[in-house]
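Novice: My file is input_18.txt. It has compact mmCIF, C-alpha atoms:
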```
# COMPACT_ATOMS: atom_id res chain seq x y z
CA MET A 325 0.00 0.00 0.00
CA SER A 326 1.41 3.39 -0.97
CA PRO A 327 1.98 6.14 1.59
CA GLY A 328 -0.47 8.34 -0.26
CA SER A 329 -3.33 5.90 0.10
CA ALA A 330 -2.60 5.38 3.83
CA TYR A 331 -2.74 9.05 4.76
CA PRO A 332 -6.55 9.43 4.81
CA ARG A 333 -6.84 6.40 7.10
CA GLU A 334 -4.25 7.86 9.52
CA GLN A 335 -6.12 11.16 9.44
CA ASP A 336 -9.35 9.37 10.26
CA GLN A 337 -7.67 7.57 13.17
CA ALA A 338 -6.32 10.87 14.53
CA SER A 339 -9.80 12.40 14.25
CA ASN A 340 -11.31 9.43 16.07
CA GLN A 341 -8.71 9.73 18.84
CA SER A 342 -9.54 13.41 19.29
CA GLU A 343 -13.22 12.57 19.59
CA VAL A 344 -12.45 9.85 22.16
CA ALA A 345 -10.24 12.26 24.10
CA ALA A 346 -13.01 14.84 24.09
CA ARG A 347 -15.45 12.27 25.42
CA ASN A 348 -12.93 10.85 27.93
CA PRO A 349 -10.82 13.66 29.38
CA THR A 350 -7.57 12.69 31.06
CA LYS A 351 -7.03 12.67 34.82
CA ARG A 352 -4.93 15.82 34.47
CA ASP A 353 -7.80 17.59 32.70
CA LEU A 354 -10.25 16.55 35.40
CA LEU A 355 -7.91 17.74 38.15
CA GLY A 356 -7.44 21.04 36.34
CA ASP A 357 -11.18 21.51 36.03
CA ALA A 358 -11.70 20.66 39.70
CA GLN A 359 -9.02 23.14 40.76
CA ALA A 360 -10.51 25.88 38.60
CA GLU A 361 -13.96 25.21 40.04
CA ALA A 362 -12.60 25.20 43.60
CA GLU A 363 -10.82 28.51 43.04
CA ARG A 364 -13.97 30.02 41.54
CA GLN A 365 -16.00 28.86 44.53
CA LEU A 366 -13.41 30.22 46.98
CA HIS A 367 -13.58 33.71 45.47
CA GLN A 368 -17.37 33.52 45.28
CA THR A 369 -17.82 32.37 48.89
CA PHE A 370 -15.26 34.64 50.59
CA THR A 371 -15.69 37.85 48.65
CA ASN A 372 -14.10 39.97 51.39
CA LEU A 373 -10.69 38.27 51.07
CA ARG A 374 -8.04 38.63 48.40
CA PHE A 375 -6.13 35.52 47.35
CA GLU A 376 -2.83 35.72 45.45
CA ASP A 377 -2.04 32.03 44.98
CA PHE A 378 -4.14 28.92 44.64
CA GLY A 379 -3.17 25.29 44.17
CA PRO A 380 -3.59 21.76 45.47
CA ALA A 381 -2.83 21.06 49.14
CA PRO A 382 -0.84 18.01 50.31
CA VAL A 383 -3.83 16.86 52.36
CA LYS A 384 -5.90 14.11 50.72
CA GLY A 385 -9.16 12.44 51.55
CA PRO A 386 -11.63 13.14 54.36
CA ILE A 387 -10.58 15.21 57.40
CA TYR A 388 -11.65 14.32 60.94
CA GLU A 389 -11.83 16.43 64.08
CA ALA A 390 -10.23 15.39 67.38
CA SER A 391 -9.27 17.02 70.67
CA ALA A 392 -5.99 16.72 72.52
CA GLY A 393 -5.10 18.62 75.66
CA GLY A 394 -8.19 20.77 75.29
CA LYS A 395 -7.16 21.80 71.76
CA ILE A 396 -9.00 20.93 68.55
CA ILE A 397 -6.88 19.29 65.84
CA TYR A 398 -7.71 17.77 62.46
CA PHE A 399 -6.50 14.49 60.97
CA ALA A 400 -6.41 13.36 57.33
CA PRO A 401 -5.77 9.58 57.50
CA GLN A 402 -5.37 9.08 53.74
CA SER A 403 -2.32 11.35 53.50
CA GLU A 404 -1.42 10.96 57.20
CA HIS A 405 -1.49 14.68 57.90
CA LEU A 406 -2.19 16.35 61.25
CA LEU A 407 -3.59 19.88 60.95
CA PHE A 408 -3.35 22.50 63.69
CA ALA A 409 -5.78 24.92 62.11
CA THR A 410 -8.74 27.22 62.69
CA VAL A 411 -11.82 26.48 60.61
CA TYR A 412 -14.27 29.25 59.71
CA ASP A 413 -17.56 28.98 57.89
CA ARG A 414 -18.64 31.37 55.13
CA ASN A 415 -20.18 33.72 57.74
CA GLY A 416 -16.91 34.09 59.62
CA VAL A 417 -17.93 31.86 62.54
CA ASN A 418 -14.93 30.18 64.18
CA LEU A 419 -16.05 26.55 64.18
CA THR A 420 -12.84 25.40 65.85
CA ALA A 421 -13.41 27.71 68.82
CA LEU A 422 -17.02 26.51 69.10
CA ALA A 423 -15.89 22.88 69.16
CA GLN A 424 -13.29 23.71 71.79
CA GLU A 425 -15.86 25.45 74.00
CA GLN A 426 -18.29 22.55 73.63
CA GLY A 427 -15.53 20.14 74.62
CA ALA A 428 -14.70 22.28 77.65
CA SER A 429 -18.36 22.22 78.69
CA ARG A 430 -18.39 18.44 78.53
CA ARG A 431 -15.18 18.21 80.53
CA LEU A 432 -16.59 20.54 83.18
CA LYS A 433 -18.82 17.70 84.29
CA ALA A 434 -15.75 15.80 85.49
CA ILE A 435 -14.79 18.61 87.88
CA ASP A 436 -16.14 18.53 91.43
CA PRO A 437 -15.76 22.07 92.86
CA ALA A 438 -16.04 20.68 96.39
CA LYS A 439 -12.69 18.90 95.92
CA ALA A 440 -10.78 22.06 94.99
CA LEU A 441 -8.57 24.18 97.21
CA ALA A 442 -10.76 27.27 97.48
CA ILE A 443 -9.14 30.69 97.78
CA GLY A 444 -11.17 33.89 98.00
CA PRO A 445 -14.59 35.02 99.23
CA VAL A 446 -17.52 32.66 98.84
CA ASP A 447 -19.72 35.30 97.19
CA ALA A 448 -17.09 36.46 94.66
CA PRO A 449 -17.07 35.52 90.95
CA THR A 450 -15.65 32.00 90.67
CA VAL A 451 -12.97 30.61 88.39
CA ILE A 452 -11.60 27.08 88.17
CA GLU A 453 -7.83 27.25 87.99
CA PHE A 454 -5.35 24.52 87.04
CA THR A 455 -1.99 25.73 88.27
CA ASP A 456 1.61 24.81 89.09
CA PRO A 457 3.65 26.47 91.90
CA ASP A 458 6.77 26.58 89.69
CA CYS A 459 5.04 27.98 86.59
CA PRO A 460 6.14 31.62 86.00
CA TYR A 461 2.87 32.50 84.30
CA CYS A 462 0.91 31.00 87.21
CA GLN A 463 2.89 33.21 89.57
CA ALA A 464 2.13 36.22 87.36
CA LEU A 465 -1.55 35.26 87.41
CA ASP A 466 -1.48 35.14 91.22
CA ARG A 467 0.00 38.66 91.30
CA TYR A 468 -2.75 39.76 88.92
CA TRP A 469 -5.48 38.37 91.18
CA ASN A 470 -3.84 40.11 94.16
CA SER A 471 -3.88 43.44 92.32
CA LYS A 472 -7.56 42.96 91.45
CA LEU A 473 -8.30 42.21 95.11
CA ALA A 474 -6.64 45.50 96.05
CA GLU A 475 -8.95 47.22 93.55
CA GLY A 476 -11.98 45.72 95.26
CA LYS A 477 -12.50 43.04 92.60
CA PRO A 478 -12.00 39.73 94.43
CA VAL A 479 -12.47 36.32 92.85
CA ARG A 480 -13.00 32.90 94.31
CA ARG A 481 -10.38 30.53 92.86
CA LEU A 482 -11.03 26.79 92.84
CA ILE A 483 -7.50 25.40 92.64
CA PHE A 484 -6.39 22.08 91.17
CA PHE A 485 -2.67 21.39 90.97
CA VAL A 486 -0.83 20.31 87.82
CA SER A 487 2.20 18.33 88.97
CA GLY A 488 3.52 16.72 85.80
CA ILE A 489 5.40 19.66 84.25
CA HIS A 490 7.97 20.89 86.79
CA PRO A 491 9.88 18.32 88.89
CA ALA A 492 9.24 19.97 92.29
CA ALA A 493 5.61 20.92 91.62
CA ALA A 494 4.09 17.84 93.29
CA ALA A 495 6.15 18.30 96.48
CA LYS A 496 5.29 22.01 96.69
CA ALA A 497 1.60 21.32 96.06
CA GLU A 498 1.63 18.69 98.82
CA HIS A 499 3.32 21.21 101.15
CA ILE A 500 0.53 23.73 100.49
CA LEU A 501 -2.19 21.15 101.09
CA CYS A 502 -0.56 19.90 104.29
CA SER A 503 -0.07 23.35 105.81
CA PRO A 504 -2.29 24.57 108.69
CA ASP A 505 -3.06 27.75 106.71
CA ARG A 506 -3.24 26.51 103.15
CA GLU A 507 -4.07 29.89 101.62
CA ALA A 508 -1.05 31.50 103.29
CA ALA A 509 1.17 28.64 102.16
CA PHE A 510 -0.20 29.04 98.62
CA LYS A 511 0.57 32.75 98.59
CA ALA A 512 4.09 32.15 99.91
CA ALA A 513 4.82 29.46 97.31
CA TYR A 514 3.53 31.60 94.43
CA SER A 515 5.59 34.56 95.57
CA GLY A 516 8.70 32.40 95.10
CA GLN A 517 9.33 31.41 98.71
CA THR A 518 10.54 27.85 99.36
CA PRO A 519 10.65 26.71 103.00
CA PRO A 520 13.69 24.72 104.15
CA VAL A 521 11.49 21.69 104.75
CA LEU A 522 8.39 20.91 102.67
CA ARG A 523 5.47 19.52 104.66
CA GLN A 524 4.25 16.02 103.84
CA CYS A 525 1.04 14.20 104.73
CA ALA A 526 -1.08 11.38 103.34
CA ALA A 527 -4.08 13.64 102.68
CA GLY A 528 -1.98 16.11 100.70
CA ARG A 529 -0.24 13.37 98.73
CA ASN A 530 -3.59 11.76 97.85
CA LYS A 531 -5.02 15.12 96.79
CA VAL A 532 -2.05 15.78 94.48
CA ALA A 533 -2.56 12.34 92.91
CA ALA A 534 -6.31 12.93 92.52
CA ASP A 535 -5.63 16.30 90.88
CA ALA A 536 -3.22 14.62 88.44
CA GLU A 537 -5.94 12.15 87.43
CA LEU A 538 -8.40 15.02 86.91
CA VAL A 539 -5.85 16.93 84.83
CA ALA A 540 -5.49 13.92 82.53
CA ARG A 541 -9.26 13.40 82.31
CA VAL A 542 -10.02 17.04 81.54
CA GLY A 543 -7.14 17.27 79.07
CA VAL A 544 -5.13 20.11 80.62
CA SER A 545 -1.74 20.30 78.92
CA GLY A 546 -0.41 23.67 80.08
CA THR A 547 -0.54 26.08 82.98
CA PRO A 548 -2.30 28.14 83.93
CA THR A 549 -5.56 26.84 82.50
CA LEU A 550 -8.74 28.48 83.70
CA ILE A 551 -12.44 27.95 83.26
CA ALA A 552 -14.44 31.13 83.70
CA ASP A 553 -18.17 31.31 82.98
CA GLY A 554 -17.84 27.90 81.35
CA LYS A 555 -15.17 29.11 78.92
CA LEU A 556 -11.73 27.51 78.74
CA ILE A 557 -8.87 30.01 78.94
CA SER A 558 -5.43 28.62 78.12
CA GLY A 559 -2.60 30.63 79.63
CA PHE A 560 -2.57 33.97 81.41
CA GLN A 561 -4.89 35.87 79.07
CA GLN A 562 -5.30 39.18 80.88
CA ALA A 563 -7.76 40.68 78.40
CA GLU A 564 -10.14 37.74 78.82
CA LEU A 565 -9.87 37.92 82.60
CA GLU A 566 -10.59 41.66 82.54
CA ALA A 567 -13.68 40.94 80.45
CA PHE A 568 -14.73 38.25 82.95
CA LEU A 569 -14.37 40.67 85.87
CA GLY A 570 -16.18 43.36 83.90
CA ARG A 571 -19.17 41.11 83.29
CA HIS A 572 -19.48 40.36 86.98
CA ALA A 573 -18.80 43.91 88.17
CA LYS A 574 -21.66 45.52 86.23
CA PRO A 575 -24.53 44.47 88.54
CA ALA A 576 -22.60 45.69 91.58
CA LEU A 577 -21.84 49.02 89.93
CA ALA A 578 -25.47 49.43 88.87
CA LYS A 579 -26.65 48.73 92.41
CA ALA A 580 -24.18 51.24 93.83
CA ALA A 581 -25.43 53.89 91.42
CA THR A 582 -29.03 53.13 92.39
CA ASP A 583 -28.29 53.27 96.12
CA ALA A 584 -26.28 56.50 95.90
CA PRO A 585 -27.93 59.51 97.61
CA ARG A 586 -29.46 62.14 95.34
```
Would you mind writing the file's structure down as structure tokens?
Specialist:
Amino acid sequence: MSPGSAYPREQDQASNQSEVAARNPTKRDLLGDAQAEAERQLHQTFTNLRFEDFGPAPVKGPIYEASAGGKIIYFAPQSEHLLFATVYDRNGVNLTALAQEQGASRRLKAIDPAKALAIGPVDAPTVIEFTDPDCPYCQALDRYWNSKLAEGKPVRRLIFFVSGIHPAAAAKAEHILCSPDREAAFKAAYSGQTPPVLRQCAAGRNKVAADAELVARVGVSGTPTLIADGKLISGFQQAELEAFLGRHAKPALAKAATDAPR
């Protein structure tokens, strides 16, 4: 067969292949279309944001939500990726923060306030505080509470000790719990004072162990950790504590204004 007579057949085959390709796009084409559609949807959904770059992420497959140490994390088992991220919906709602607060509310049920070391007036606004005598930020928090007390803004602190971070924390917590005046011993320890001999007793040792079990059950991983008005506060977050005090000071201020002579 001459080359000339074969050419139309080859042209027909090429045409057929083009038609097949059009009907059956390659995987690369499909991925390109999916990416373009995803980018279009991103710009359409979040119109208030400007995006410079867009491309595929290394994460593959479904993503699951989990909590660890009171924090929300995300896991993609197909690509074996762990994501420490904040997820927002199209209305700007922080879904990660909501999940964290819901988890904190569930964990609150494991806390028995009657088993805490209580410091402060009974009728004052109450916070649950997970703390460590050797934690610098816990010591700073104690100084903060003292300054608020001097301003006439006392709080009632329900104390649980975290003893697994600093090596001497358990012994110092036991000393506080075994002291005749536990609040005074707490204040001394958090001001940096270390007595020559740390007190020991079975009740204090058992309480430190019980607190450690609670810490693990609640998922506290750092100090200080507070729960105020049902909200978990990780670390010494002064702005959040000021807001907490402000919420509880308003009724008192309103009453004082009402009772003032005219």
Novice: Compile the contact shell of Phe378 (chain A) as a PyMOL selection string: residues with an atom at most 10 Å away, counting all atoms listed in the file, same-chain residues fewer than 5 positions apart removed.
Specialist: chain A and resi 359-360+362-363+366
Novice: Restricted to C-alpha atoms, what would the selected residues look like written as a compact mmCIF listing (two decimals), keeping the file's coordinate frame?
Specialist:
```txt
# COMPACT_ATOMS: atom_id res chain seq x y z
CA GLN A 359 -9.02 23.14 40.76
CA ALA A 360 -10.51 25.88 38.60
CA ALA A 362 -12.60 25.20 43.60
CA GLU A 363 -10.82 28.51 43.04
CA LEU A 366 -13.41 30.22 46.98
```
Novice: Give me, as a list in words, all polymer residues having an atom no more than 10 Å from Gln562 (chain A), counting only C-alpha atoms and skipping those fewer than 6 positions away in the same chain.
Specialist: Leu465, Tyr468 and Phe568 of chain A
Novice: Do you have the CA of Leu373 (chain A)-CA of Ala400 (chain A) distance handy?
Specialist: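 So the answer is 26.0 Å.
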Novice: Which residue is closest to Ser471 (chain A)? Choose from A:Asp353, A:Glu566, A:Asp377, A:Glu498 and count all atoms listed in the file.
Specialist: A:Glu566
Novice: Between A:Ala534, A:Ala512, A:Val383, A:Ile396, single out the one closest to Thr420 (chain A), counting only C-alpha atoms.
Specialist: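 Residue with the minimum atom-to-atom distance to Thr420 (chain A): A:Ile396.
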Novice: Would you please work out which residue, of A:Ser429, A:Thr455, A:Ala392, A:Arg541, is nearest to Ala494 (chain A) when using all atoms listed in the file?
Specialist: A:Thr455
